[in-house]
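upload37.txt follows; it contains compact mmCIF, C-alpha atoms and all ligand atoms.
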# COMPACT_ATOMS: atom_id res chain seq x y z
CA MET A 1 -15.21 6.55 22.98
CA THR A 2 -11.96 6.53 24.94
CA THR A 3 -10.76 10.10 25.22
CA ALA A 4 -7.43 11.83 25.49
CA ALA A 5 -7.31 14.78 27.88
CA ASP A 6 -7.13 17.57 25.31
CA PRO A 7 -10.38 17.94 23.27
CA ARG A 8 -8.40 19.23 20.28
CA GLU A 9 -6.37 16.04 20.29
CA VAL A 10 -9.58 14.01 20.34
CA LEU A 11 -10.96 15.94 17.37
CA GLN A 12 -7.70 15.49 15.46
CA LYS A 13 -7.82 11.76 16.13
CA ILE A 14 -11.44 11.56 14.94
CA ASP A 15 -10.48 13.40 11.73
CA LEU A 16 -7.59 11.02 11.27
CA TRP A 17 -9.70 7.90 11.82
CA LEU A 18 -12.43 9.04 9.42
CA ARG A 19 -9.81 9.98 6.84
CA MET A 20 -8.19 6.57 7.16
CA TYR A 21 -11.56 4.84 6.77
CA ARG A 22 -12.30 6.89 3.66
CA LYS A 23 -8.89 6.19 2.15
CA MET A 24 -9.09 2.46 2.73
CA LEU A 25 -12.51 2.35 1.14
CA ALA A 26 -11.30 4.49 -1.78
CA ILE A 27 -8.53 1.96 -2.46
CA ARG A 28 -10.98 -0.94 -2.31
CA LEU A 29 -13.40 0.72 -4.70
CA PHE A 30 -10.59 1.75 -7.03
CA GLU A 31 -9.38 -1.83 -7.14
CA GLY A 32 -12.90 -3.14 -7.74
CA GLN A 33 -13.04 -0.91 -10.81
CA VAL A 34 -9.64 -2.20 -11.97
CA ASN A 35 -10.92 -5.75 -11.80
CA GLU A 36 -13.98 -4.68 -13.76
CA LEU A 37 -11.87 -2.96 -16.43
CA TYR A 38 -9.80 -6.12 -16.82
CA THR A 39 -12.87 -8.36 -16.98
CA ARG A 40 -14.45 -6.13 -19.62
CA ALA A 41 -11.18 -6.24 -21.61
CA LEU A 42 -10.84 -2.46 -21.40
CA MET A 43 -7.45 -2.58 -19.67
CA PRO A 44 -4.40 -3.90 -21.48
CA GLY A 45 -2.20 -6.32 -19.52
CA LEU A 46 -2.65 -7.45 -15.95
CA ALA A 47 -2.91 -5.84 -12.53
CA HIS A 48 -2.16 -7.09 -9.03
CA LEU A 49 -4.98 -6.15 -6.68
CA TYR A 50 -4.33 -4.83 -3.17
CA ILE A 51 -7.83 -5.59 -1.84
CA GLY A 52 -7.55 -6.91 1.75
CA GLU A 53 -4.27 -5.08 2.44
CA GLU A 54 -5.58 -1.50 2.53
CA ALA A 55 -4.77 -0.87 6.20
CA VAL A 56 -1.06 -1.22 5.54
CA ALA A 57 -0.71 1.48 2.88
CA VAL A 58 -3.12 3.84 4.62
CA GLY A 59 -1.75 3.40 8.14
CA VAL A 60 1.82 3.97 6.96
CA CYS A 61 1.16 6.85 4.55
CA GLU A 62 -0.94 8.72 7.12
CA ALA A 63 2.17 8.82 9.29
CA LEU A 64 4.12 10.54 6.48
CA GLU A 65 4.30 14.11 5.23
CA ARG A 66 3.45 14.80 1.61
CA SER A 67 7.13 15.53 0.92
CA ASP A 68 8.28 12.20 2.38
CA TYR A 69 9.18 9.48 -0.09
CA ILE A 70 7.68 6.10 -0.80
CA THR A 71 8.65 3.38 -3.21
CA SER A 72 6.19 0.71 -4.23
CA THR A 73 5.79 -2.68 -5.88
CA HIS A 74 3.89 -4.49 -8.65
CA ARG A 75 0.92 -4.45 -6.18
CA GLY A 76 1.18 -0.69 -5.86
CA HIS A 77 -2.18 1.04 -6.48
CA GLY A 78 -2.93 1.21 -2.75
CA HIS A 79 0.42 2.82 -1.96
CA CYS A 80 -0.03 5.45 -4.71
CA LEU A 81 -3.56 6.36 -3.60
CA ALA A 82 -2.67 6.41 0.09
CA LYS A 83 0.18 8.83 -0.65
CA GLY A 84 -2.18 11.16 -2.51
CA ALA A 85 -2.37 10.15 -6.18
CA SER A 86 -5.53 11.04 -8.14
CA PRO A 87 -7.72 8.10 -9.20
CA ASP A 88 -8.50 9.67 -12.59
CA LEU A 89 -4.83 9.97 -13.58
CA MET A 90 -4.17 6.45 -12.26
CA PHE A 91 -7.01 4.93 -14.29
CA ALA A 92 -5.74 6.86 -17.31
CA GLU A 93 -2.30 5.31 -16.79
CA LEU A 94 -3.78 1.82 -16.46
CA LEU A 95 -5.65 2.27 -19.73
CA GLY A 96 -2.54 3.56 -21.53
CA LYS A 97 -3.87 7.08 -21.96
CA GLU A 98 -1.82 10.24 -22.40
CA ALA A 99 -3.32 11.83 -19.27
CA GLY A 100 -1.87 9.04 -17.11
CA TYR A 101 0.92 9.53 -14.58
CA CYS A 102 3.51 8.19 -17.02
CA LYS A 103 1.71 9.39 -20.16
CA GLY A 104 0.21 5.93 -20.48
CA LYS A 105 3.57 4.28 -21.07
CA GLY A 106 4.06 2.68 -17.67
CA GLY A 107 0.77 1.06 -16.80
CA SER A 108 -0.26 -0.55 -13.53
CA MET A 109 3.18 -1.56 -12.34
CA HIS A 110 5.06 1.66 -13.05
CA ILE A 111 3.06 4.50 -11.56
CA ALA A 112 5.21 7.30 -10.16
CA ASP A 113 4.03 10.66 -8.81
CA PRO A 114 6.87 12.92 -7.70
CA ALA A 115 4.39 15.61 -6.54
CA THR A 116 3.30 13.32 -3.70
CA GLY A 117 6.75 11.88 -3.01
CA ASN A 118 5.96 8.64 -4.81
CA LEU A 119 9.21 7.55 -6.46
CA GLY A 120 7.47 4.76 -8.27
CA ALA A 121 6.06 1.30 -8.34
CA ASN A 122 8.45 -1.39 -9.52
CA ALA A 123 7.76 -4.65 -11.32
CA ILE A 124 11.08 -6.13 -10.16
CA VAL A 125 10.65 -7.88 -6.81
CA CYS A 126 12.67 -5.77 -4.33
CA GLY A 127 13.63 -3.46 -7.19
CA SER A 128 12.86 -0.36 -5.18
CA ALA A 129 14.93 -1.10 -2.06
CA GLY A 130 17.96 0.67 -3.53
CA ILE A 131 15.84 3.62 -4.67
CA ALA A 132 14.23 4.10 -1.24
CA THR A 133 17.59 3.77 0.50
CA GLY A 134 19.20 6.19 -1.95
CA ALA A 135 16.39 8.69 -1.39
CA ALA A 136 16.98 8.46 2.37
CA PHE A 137 20.70 8.94 1.79
CA SER A 138 20.07 12.08 -0.26
CA ALA A 139 17.60 13.41 2.34
CA LYS A 140 20.19 12.96 5.06
CA ARG A 141 23.03 14.52 3.06
CA LEU A 142 20.88 17.47 1.99
CA GLY A 143 19.38 17.88 5.47
CA THR A 144 15.81 17.96 4.13
CA ASN A 145 14.33 16.05 7.07
CA GLN A 146 12.42 13.74 4.72
CA VAL A 147 11.76 10.10 5.55
CA SER A 148 11.67 7.34 2.97
CA VAL A 149 9.43 4.27 3.10
CA CYS A 150 10.11 1.15 1.06
CA PHE A 151 7.04 -1.08 0.63
CA PHE A 152 7.67 -4.67 -0.46
CA GLY A 153 6.11 -8.12 -0.24
CA GLU A 154 7.62 -10.98 1.73
CA GLY A 155 8.81 -12.44 -1.58
CA ALA A 156 11.45 -9.69 -1.58
CA LEU A 157 13.04 -11.26 1.51
CA GLY A 158 14.77 -13.63 -0.90
CA GLN A 159 16.60 -10.79 -2.66
CA GLY A 160 20.16 -10.00 -1.58
CA VAL A 161 19.86 -6.30 -2.38
CA LEU A 162 17.51 -5.87 0.59
CA TYR A 163 20.27 -6.97 2.99
CA GLU A 164 22.87 -4.75 1.30
CA CYS A 165 20.48 -1.82 1.69
CA MET A 166 19.60 -2.52 5.33
CA ASN A 167 23.28 -2.89 6.19
CA LEU A 168 24.12 0.44 4.58
CA ALA A 169 21.06 2.16 6.05
CA GLU A 170 22.07 1.16 9.57
CA LEU A 171 25.72 2.09 9.09
CA PHE A 172 24.72 5.55 7.80
CA LYS A 173 21.71 5.88 10.16
CA LEU A 174 19.47 6.67 7.21
CA PRO A 175 15.84 7.81 7.63
CA VAL A 176 14.33 4.83 5.85
CA ILE A 177 11.65 2.35 6.90
CA TYR A 178 11.39 -1.02 5.22
CA VAL A 179 7.75 -2.11 5.29
CA CYS A 180 7.33 -5.82 4.59
CA GLU A 181 3.76 -6.74 3.63
CA ASN A 182 3.47 -10.41 4.38
CA ASN A 183 0.27 -11.46 2.61
CA LEU A 184 1.31 -15.12 3.03
CA TYR A 185 1.87 -15.94 -0.66
CA THR A 186 4.69 -15.24 -3.06
CA GLU A 187 2.74 -15.75 -6.27
CA TYR A 188 1.37 -19.27 -5.67
CA THR A 189 3.69 -20.46 -2.90
CA HIS A 190 3.13 -20.09 0.83
CA TYR A 191 5.93 -18.03 2.31
CA SER A 192 6.78 -20.74 4.84
CA GLU A 193 8.10 -22.82 1.92
CA THR A 194 10.56 -20.12 0.87
CA THR A 195 11.43 -18.13 3.98
CA ALA A 196 13.46 -19.69 6.80
CA GLY A 197 13.56 -18.41 10.35
CA ASP A 198 12.07 -15.34 11.90
CA ILE A 199 11.46 -12.47 9.47
CA VAL A 200 12.01 -9.49 11.78
CA SER A 201 15.29 -11.01 13.04
CA ARG A 202 16.68 -10.60 9.54
CA ALA A 203 16.56 -6.83 10.08
CA THR A 204 17.41 -6.68 13.77
CA ALA A 205 20.56 -8.68 12.98
CA PHE A 206 21.80 -5.53 11.21
CA GLY A 207 20.77 -3.34 14.16
CA LEU A 208 17.56 -1.94 12.66
CA GLN A 209 14.61 -1.35 14.94
CA GLY A 210 12.24 -4.21 14.09
CA VAL A 211 8.50 -4.37 14.78
CA SER A 212 5.74 -6.77 13.82
CA VAL A 213 2.14 -5.54 13.64
CA ASP A 214 -1.31 -6.82 12.68
CA GLY A 215 -1.62 -5.39 9.17
CA GLN A 216 -5.43 -5.63 9.28
CA ASN A 217 -5.68 -3.08 12.08
CA VAL A 218 -5.19 0.39 10.60
CA ARG A 219 -4.91 2.10 13.98
CA ALA A 220 -2.11 -0.22 15.07
CA VAL A 221 -0.36 0.19 11.73
CA TYR A 222 -0.58 3.96 12.00
CA ASP A 223 0.63 4.08 15.63
CA PHE A 224 3.70 1.97 14.95
CA ALA A 225 4.45 3.71 11.67
CA GLN A 226 4.27 7.08 13.34
CA MET A 227 6.64 6.00 16.09
CA LEU A 228 9.17 4.73 13.56
CA VAL A 229 8.79 7.72 11.25
CA ASP A 230 9.39 10.12 14.17
CA ARG A 231 12.37 8.08 15.21
CA ALA A 232 13.82 8.15 11.70
CA ARG A 233 13.21 11.89 11.38
CA ARG A 234 15.04 12.48 14.65
CA GLY A 235 18.09 10.82 13.12
CA ALA A 236 17.83 7.61 15.17
CA GLY A 237 18.09 5.45 12.05
CA PRO A 238 16.24 2.93 9.94
CA ALA A 239 13.54 0.48 10.91
CA PHE A 240 11.81 -2.64 9.63
CA LEU A 241 8.07 -3.00 9.96
CA LEU A 242 6.47 -6.38 9.33
CA ARG A 243 2.73 -6.27 8.57
CA ASN A 244 0.80 -9.50 8.55
CA THR A 245 -1.95 -9.22 5.98
CA TYR A 246 -3.79 -11.07 3.19
CA ARG A 247 -4.66 -10.46 -0.44
CA TYR A 248 -8.26 -11.41 -1.16
CA HIS A 249 -7.84 -11.84 -4.90
CA GLY A 250 -5.35 -13.88 -6.88
CA HIS A 251 -1.71 -12.97 -7.43
CA HIS A 252 -3.00 -11.02 -10.44
CA VAL A 253 -6.45 -10.41 -11.87
CA GLY A 254 -6.24 -13.51 -14.07
CA ASP A 255 -5.50 -15.83 -11.12
CA ILE A 256 -9.07 -17.02 -10.64
CA ASN A 257 -8.79 -20.67 -9.63
CA ARG A 258 -6.67 -20.67 -6.52
CA GLU A 259 -7.64 -23.86 -4.72
CA TYR A 260 -4.47 -25.68 -5.73
CA TYR A 261 -2.47 -23.34 -3.50
CA ARG A 262 -4.92 -22.04 -0.88
CA SER A 263 -8.35 -23.04 0.34
CA LYS A 264 -11.65 -21.22 -0.10
CA GLN A 265 -12.13 -21.59 3.65
CA GLU A 266 -8.93 -19.66 4.33
CA GLU A 267 -10.05 -16.83 2.03
CA HIS A 268 -13.48 -16.83 3.63
CA THR A 269 -12.05 -16.57 7.16
CA TRP A 270 -9.84 -13.60 6.32
CA LYS A 271 -12.65 -11.81 4.49
CA THR A 272 -15.30 -12.33 7.14
CA GLU A 273 -13.29 -12.17 10.35
CA ARG A 274 -10.31 -9.98 9.61
CA ASP A 275 -11.44 -7.45 7.05
CA PRO A 276 -9.64 -4.17 7.82
CA ILE A 277 -12.42 -1.91 6.55
CA ALA A 278 -15.43 -3.74 7.98
CA ASN A 279 -13.76 -4.14 11.37
CA PHE A 280 -12.64 -0.52 11.49
CA GLY A 281 -16.14 0.60 10.45
CA LYS A 282 -17.62 -1.46 13.28
CA TRP A 283 -15.17 0.10 15.71
CA LEU A 284 -16.06 3.63 14.54
CA ILE A 285 -19.73 2.86 15.11
CA ASP A 286 -19.09 1.23 18.52
CA GLN A 287 -17.13 4.29 19.60
CA LYS A 288 -19.95 6.53 18.33
CA ILE A 289 -17.56 8.35 16.02
CA ALA A 290 -19.80 7.56 13.05
CA ASP A 291 -23.11 5.85 12.46
CA LYS A 292 -24.00 3.48 9.65
CA ALA A 293 -25.67 6.26 7.65
CA LYS A 294 -22.45 8.28 7.71
CA LEU A 295 -20.34 5.33 6.57
CA ASP A 296 -22.88 4.55 3.82
CA ALA A 297 -22.72 8.18 2.68
CA ILE A 298 -18.91 7.98 2.46
CA ALA A 299 -19.26 4.81 0.37
CA SER A 300 -21.77 6.42 -2.02
CA GLU A 301 -19.58 9.48 -2.45
CA LEU A 302 -16.51 7.37 -3.21
CA GLU A 303 -18.39 5.11 -5.61
CA ALA A 304 -19.47 8.18 -7.60
CA GLU A 305 -15.93 9.57 -7.51
CA MET A 306 -14.44 6.32 -8.81
CA GLN A 307 -17.04 6.01 -11.56
CA LYS A 308 -16.28 9.57 -12.67
CA ALA A 309 -12.56 8.80 -12.70
CA VAL A 310 -13.09 5.66 -14.79
CA ASP A 311 -15.30 7.56 -17.25
CA PHE A 312 -12.60 10.22 -17.56
CA ALA A 313 -9.95 7.60 -18.32
CA ILE A 314 -12.09 5.74 -20.86
CA ALA A 315 -12.83 8.97 -22.72
CA ALA A 316 -9.22 10.25 -22.58
CA PRO A 317 -7.08 10.09 -25.75
CA TYR A 318 -4.15 7.71 -26.31
CA PRO A 319 -0.71 9.26 -26.82
CA SER A 320 0.16 9.95 -30.44
CA PRO A 321 2.02 7.06 -32.15
CA SER A 322 4.66 9.61 -33.21
CA GLU A 323 5.89 9.91 -29.59
CA VAL A 324 6.15 6.18 -28.94
CA ALA A 325 9.88 6.38 -28.16
CA GLU A 326 9.66 9.54 -26.03
CA ASP A 327 9.99 9.27 -22.22
CA VAL A 328 11.06 5.63 -22.49
CA TYR A 329 14.45 4.93 -20.98
CA ALA A 330 14.84 1.18 -21.09
C1 LIG A 401 13.40 -10.19 -9.53
C2 LIG A 401 12.07 -10.80 -9.86
N1 LIG A 401 11.89 -12.13 -9.76
C3 LIG A 401 10.69 -12.67 -10.06
C4 LIG A 401 9.66 -11.89 -10.48
C5 LIG A 401 8.30 -12.52 -10.80
N2 LIG A 401 7.35 -12.14 -9.73
C6 LIG A 401 6.47 -11.14 -9.88
S1 LIG A 401 5.56 -10.88 -8.50
C7 LIG A 401 6.31 -12.15 -7.71
C8 LIG A 401 5.90 -12.52 -6.31
C9 LIG A 401 6.10 -11.43 -5.35
O1 LIG A 401 5.65 -11.82 -4.09
P1 LIG A 401 5.72 -10.83 -2.91
O2 LIG A 401 7.00 -10.08 -2.95
O3 LIG A 401 5.42 -11.58 -1.68
O4 LIG A 401 4.59 -9.77 -3.21
P2 LIG A 401 3.03 -10.02 -3.38
O5 LIG A 401 2.80 -10.36 -4.83
O6 LIG A 401 2.64 -11.10 -2.45
O7 LIG A 401 2.42 -8.71 -3.02
C10 LIG A 401 7.28 -12.75 -8.50
C11 LIG A 401 8.12 -13.88 -8.07
C12 LIG A 401 9.88 -10.51 -10.58
N3 LIG A 401 8.94 -9.67 -10.98
N4 LIG A 401 11.08 -9.97 -10.24
Show me, as structure tokens, the structure contained in the file I just sent.
Ligand SMILES: Cc1ncc(C[n+]2csc(CCOP(=O)(O)OP(=O)(O)O)c2C)c(N)n1
Amino acid sequence: MTTAADPREVLQKIDLWLRMYRKMLAIRLFEGQVNELYTRALMPGLAHLYIGEEAVAVGVCEALERSDYITSTHRGHGHCLAKGASPDLMFAELLGKEAGYCKGKGGSMHIADPATGNLGANAIVCGSAGIATGAAFSAKRLGTNQVSVCFFGEGALGQGVLYECMNLAELFKLPVIYVCENNLYTEYTHYSETTAGDIVSRATAFGLQGVSVDGQNVRAVYDFAQMLVDRARRGAGPAFLLRNTYRYHGHHVGDINREYYRSKQEEHTWKTERDPIANFGKWLIDQKIADKAKLDAIASELEAEMQKAVDFAIAAPYPSPSEVAEDVYA
């Protein structure tokens, strides 16, 4: 492998890379179980799978401290797990159980976990931009040195609130990073049909630092995220990070027949040539950081962990009907 001068730095990097591999795989296996729970009619409602996009959440969250903030979207399981949420409590939330992160009253699109700095998923497209920006504002005013990351899909580029937030963030030099996950489709429409011009220029026009990165390459995502997080922590202001990525499944778990808006060939190419986990695994093996047996052992461990978490959630009790109106603010 290519080495840095200091052996401790090399070891730290190896730990980081193996951790990122493990986390990406954990998200993929978690999501596979979600699809299974939906198919077996064990999960009420729908879920929006993040499979294919794992490198974005993991690369960004690895650059954050536990106390840093994130806000998430309707496609948020990957963000929650990458920031440190427990799969068992997430499955419990998805199944509407009392043990879930929101006592089973939020479900897939409303998972929040203040202990890991996760201020919440949000079913409203771009609904969390104001929350992430407000969190950065409070961090700056209180001098806590925290950074805030706002994850959103490219569909959110059509929401005016994003531009109000970026304008304010730049004026106040807030420690916030807007992470746009461009997975090419806003529901069933290719983004080129809804989004004019260059995406990053929309942020640089306000003076934000803007960067575009291959969202399928976790090392690149991490490196750029770390640079922007350090910059924000130093007080140099907000940034916009565009990640080009792809969702393998439909817009939601029920979106099975997709050929009227994208081809099977396109899906096949992304899955076979650009898969973030397979390609990173190959790289780890090429660099002799891990061998196939080690990666297989990680997979077996995670599969068992996810199965245990699902079993926990299935067996967990529902909240009592008498508290149906408790903890509900809308
Ligand atoms: C304000 C608002 N408008 C419309 C919707 C319906 N809706 C749910 S997800 C979605 C598409 C979001 O696309 P994108 O932001 O690119 O995220 P992706 O699903 O690709 O991750 C839409 C239009 C919504 N939830 N909120």
Neighbours of point (11.2, -11.8, 3.6) within 10 Å, using only C-alpha atoms, written as a compact mmCIF listing (two decimals) with C-alpha atoms, keeping the file's coordinate frame:
# COMPACT_ATOMS: atom_id res chain seq x y z
CA PHE A 152 7.67 -4.67 -0.46
CA GLY A 153 6.11 -8.12 -0.24
CA GLU A 154 7.62 -10.98 1.73
CA GLY A 155 8.81 -12.44 -1.58
CA ALA A 156 11.45 -9.69 -1.58
CA LEU A 157 13.04 -11.26 1.51
CA GLY A 158 14.77 -13.63 -0.90
CA GLN A 159 16.60 -10.79 -2.66
CA LEU A 162 17.51 -5.87 0.59
CA CYS A 180 7.33 -5.82 4.59
CA GLU A 181 3.76 -6.74 3.63
CA ASN A 182 3.47 -10.41 4.38
CA THR A 186 4.69 -15.24 -3.06
CA TYR A 191 5.93 -18.03 2.31
CA THR A 194 10.56 -20.12 0.87
CA THR A 195 11.43 -18.13 3.98
CA ALA A 196 13.46 -19.69 6.80
CA GLY A 197 13.56 -18.41 10.35
CA ASP A 198 12.07 -15.34 11.90
CA ILE A 199 11.46 -12.47 9.47
CA VAL A 200 12.01 -9.49 11.78
CA ARG A 202 16.68 -10.60 9.54
CA ALA A 203 16.56 -6.83 10.08
CA LEU A 242 6.47 -6.38 9.33
**Message:** For a quick check of understanding, using only C-alpha atoms, which of A:Tyr248, A:Phe312, A:Tyr178, A:Phe172 has the smallest distance to A:Leu89?
**Reply:**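 The shortest atom-to-atom distance to A:Leu89 comes from A:Phe312.
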Listed atoms of ligand LIG 401 (chain A), axis-aligned box, 4 Å per side: centre and edge lengths to one decimal in Å, as JSON?
{"center_x": 7.9, "center_y": -11.3, "center_z": -6.3, "size_x": 19.0, "size_y": 13.2, "size_z": 17.3}
**Message:** Using only C-alpha atoms, which protein or nucleic acid residues come within 10 Å of A:Pro114? Drop anything in the same chain fewer than 6 positions from it, and give the result as an MDAnalysis selection string.
**Reply:** chainID A and resid 67 69:70 85 101 120
Could you write out the selected residues, including C-alpha atoms, as a CSV table (one decimal), keeping the file's coordinate frame?
chain,number,residue,atom,x,y,z
A,67,SER,CA,7.1,15.5,0.9
A,69,TYR,CA,9.2,9.5,-0.1
A,70,ILE,CA,7.7,6.1,-0.8
A,85,ALA,CA,-2.4,10.2,-6.2
A,101,TYR,CA,0.9,9.5,-14.6
A,120,GLY,CA,7.5,4.8,-8.3
**Nearest-residue call for A:Asp223, choices A:Thr204, A:His252, A:Thr71, A:Glu62, using only C-alpha atoms** =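 Looking only at the distances to A:Asp223, the closest residue turns out to be A:Glu62.
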**Request:** Give the answer as one residue: which of A:Leu25, A:Cys61, A:Met109, A:Leu241 has the shortest atom-to-atom distance to A:Leu295, using only C-alpha atoms?
**Result:**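 Distance minimum relative to A:Leu295 lands on A:Leu25.
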**Complete:** For A:Ala136, the closest of A:Ala297, A:Leu174, A:Val324, A:Ala313 counting only C-alpha atoms is A:Leu174
**Item:** Selected residue of minimal separation from ligand LIG 401 (chain A) among A:Leu184, A:Ala115, A:Leu46, A:Val161, counting only C-alpha atoms and all ligand atoms
**Value:**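 That would be A:Leu184, the residue with the smallest distance to ligand LIG 401 (chain A).
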Residues around (4.6, -9.7, 13.3), cut-off 7 Å, counting only C-alpha atoms - what are they as a short mmCIF file (atom, residue, chain, number, x, y, z; two decimals) with C-alpha atoms, keeping the file's coordinate frame?
data_model
loop_
_atom_site.label_atom_id
_atom_site.label_comp_id
_atom_site.auth_asym_id
_atom_site.auth_seq_id
_atom_site.Cartn_x
_atom_site.Cartn_y
_atom_site.Cartn_z
CA VAL A 211 8.50 -4.37 14.78
CA SER A 212 5.74 -6.77 13.82
CA VAL A 213 2.14 -5.54 13.64
CA ASP A 214 -1.31 -6.82 12.68
CA LEU A 242 6.47 -6.38 9.33
CA ARG A 243 2.73 -6.27 8.57
CA ASN A 244 0.80 -9.50 8.55
#
**Prompt:** Which value, in Å to one decimal, gives the distance between atom CA of A:Val221 and atom CA of A:Gln209?
**Reply:**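 Between these atoms lies a distance of 15.4 Å.
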**Request:** Pick out the closest residue to A:Leu208 from this set: A:Arg233, A:Lys173, A:Arg19, A:Lys103. Count only C-alpha atoms.
**Result:** A:Lys173
**Asked** What's the 12 Å shell around A:Thr272, counting only C-alpha atoms, without same-chain residues fewer than 6 positions away, as a ChimeraX atom specification?
**Response** /A:52,248,265-266,278-279
**Prompt:** Mind pulling up the distance from atom CA of A:Arg28 to atom CA of A:Asp275?
**Reply:** 11.4 Å
**Item:** One-decimal distance in Å that lies between atom CA of A:Gln307 and atom CA of A:Pro87
**Value:**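 Straight-line distance from atom CA of A:Pro87 to atom CA of A:Gln307 works out to 9.8 Å.
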**Request:** Could you give me, as a list in words, the residues within 9 Å of A:Ala290, counting all atoms listed in the file and dropping anything in the same chain fewer than 5 positions from it?
**Result:** Leu18, Gly281, Leu284, Ile285 and Leu295 of chain A
**Prompt:** If you count all atoms listed in the file, which residues fall within 10 Å of A:Ile277, apart from same-chain ones fewer than 2 positions away, as a list in words?
**Reply:** Met20, Tyr21, Arg22, Lys23, Met24, Leu25, Arg28, Gly52, Glu53, Glu54, Ala55, Gln216, Asn217, Val218, Arg274, Asp275, Asn279, Phe280, Gly281, Lys282 and Trp283 of chain A
Add whatever atoms are absent from stretch 208-225 of chain A to reach N, CA and C atoms, and provide the output as a JSON list (two decimals), in the coordinates of the input.
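Saved to part_37.json:
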[["chain", "number", "residue", "atom", "x", "y", "z"],
["A", 208, "LEU", "N", 18.76, -2.76, 12.90],
["A", 208, "LEU", "CA", 17.56, -1.94, 12.66],
["A", 208, "LEU", "C", 16.56, -2.17, 13.78],
["A", 209, "GLN", "N", 15.75, -1.16, 14.04],
["A", 209, "GLN", "CA", 14.61, -1.35, 14.94],
["A", 209, "GLN", "C", 13.61, -2.22, 14.19],
["A", 210, "GLY", "N", 13.17, -3.31, 14.78],
["A", 210, "GLY", "CA", 12.24, -4.21, 14.09],
["A", 210, "GLY", "C", 10.94, -4.36, 14.86],
["A", 211, "VAL", "N", 9.81, -4.26, 14.14],
["A", 211, "VAL", "CA", 8.50, -4.37, 14.78],
["A", 211, "VAL", "C", 7.58, -5.20, 13.91],
["A", 212, "SER", "N", 6.74, -6.00, 14.55],
["A", 212, "SER", "CA", 5.74, -6.77, 13.82],
["A", 212, "SER", "C", 4.35, -6.33, 14.27],
["A", 213, "VAL", "N", 3.45, -6.10, 13.31],
["A", 213, "VAL", "CA", 2.14, -5.54, 13.64],
["A", 213, "VAL", "C", 1.05, -6.23, 12.82],
["A", 214, "ASP", "N", -0.15, -6.31, 13.41],
["A", 214, "ASP", "CA", -1.31, -6.82, 12.68],
["A", 214, "ASP", "C", -1.65, -5.85, 11.54],
["A", 215, "GLY", "N", -1.40, -6.26, 10.32],
["A", 215, "GLY", "CA", -1.62, -5.39, 9.17],
["A", 215, "GLY", "C", -3.08, -5.18, 8.82],
["A", 216, "GLN", "N", -4.00, -5.83, 9.55],
["A", 216, "GLN", "CA", -5.43, -5.63, 9.28],
["A", 216, "GLN", "C", -6.03, -4.57, 10.22],
["A", 217, "ASN", "N", -5.20, -4.05, 11.10],
["A", 217, "ASN", "CA", -5.68, -3.08, 12.08],
["A", 217, "ASN", "C", -5.04, -1.72, 11.78],
["A", 218, "VAL", "N", -5.79, -0.85, 11.12],
["A", 218, "VAL", "CA", -5.19, 0.39, 10.60],
["A", 218, "VAL", "C", -4.69, 1.29, 11.74],
["A", 219, "ARG", "N", -5.36, 1.24, 12.88],
["A", 219, "ARG", "CA", -4.91, 2.10, 13.98],
["A", 219, "ARG", "C", -3.56, 1.62, 14.51],
["A", 220, "ALA", "N", -3.39, 0.32, 14.60],
["A", 220, "ALA", "CA", -2.11, -0.22, 15.07],
["A", 220, "ALA", "C", -1.01, 0.08, 14.05],
["A", 221, "VAL", "N", -1.35, -0.09, 12.77],
["A", 221, "VAL", "CA", -0.36, 0.19, 11.73],
["A", 221, "VAL", "C", 0.08, 1.64, 11.82],
["A", 222, "TYR", "N", -0.89, 2.53, 11.94],
["A", 222, "TYR", "CA", -0.58, 3.96, 12.00],
["A", 222, "TYR", "C", 0.29, 4.27, 13.23],
["A", 223, "ASP", "N", -0.10, 3.76, 14.39],
["A", 223, "ASP", "CA", 0.63, 4.08, 15.63],
["A", 223, "ASP", "C", 2.09, 3.66, 15.53],
["A", 224, "PHE", "N", 2.31, 2.44, 15.05],
["A", 224, "PHE", "CA", 3.70, 1.97, 14.95],
["A", 224, "PHE", "C", 4.46, 2.72, 13.87],
["A", 225, "ALA", "N", 3.77, 2.99, 12.75],
["A", 225, "ALA", "CA", 4.45, 3.71, 11.67],
["A", 225, "ALA", "C", 4.86, 5.09, 12.17]]
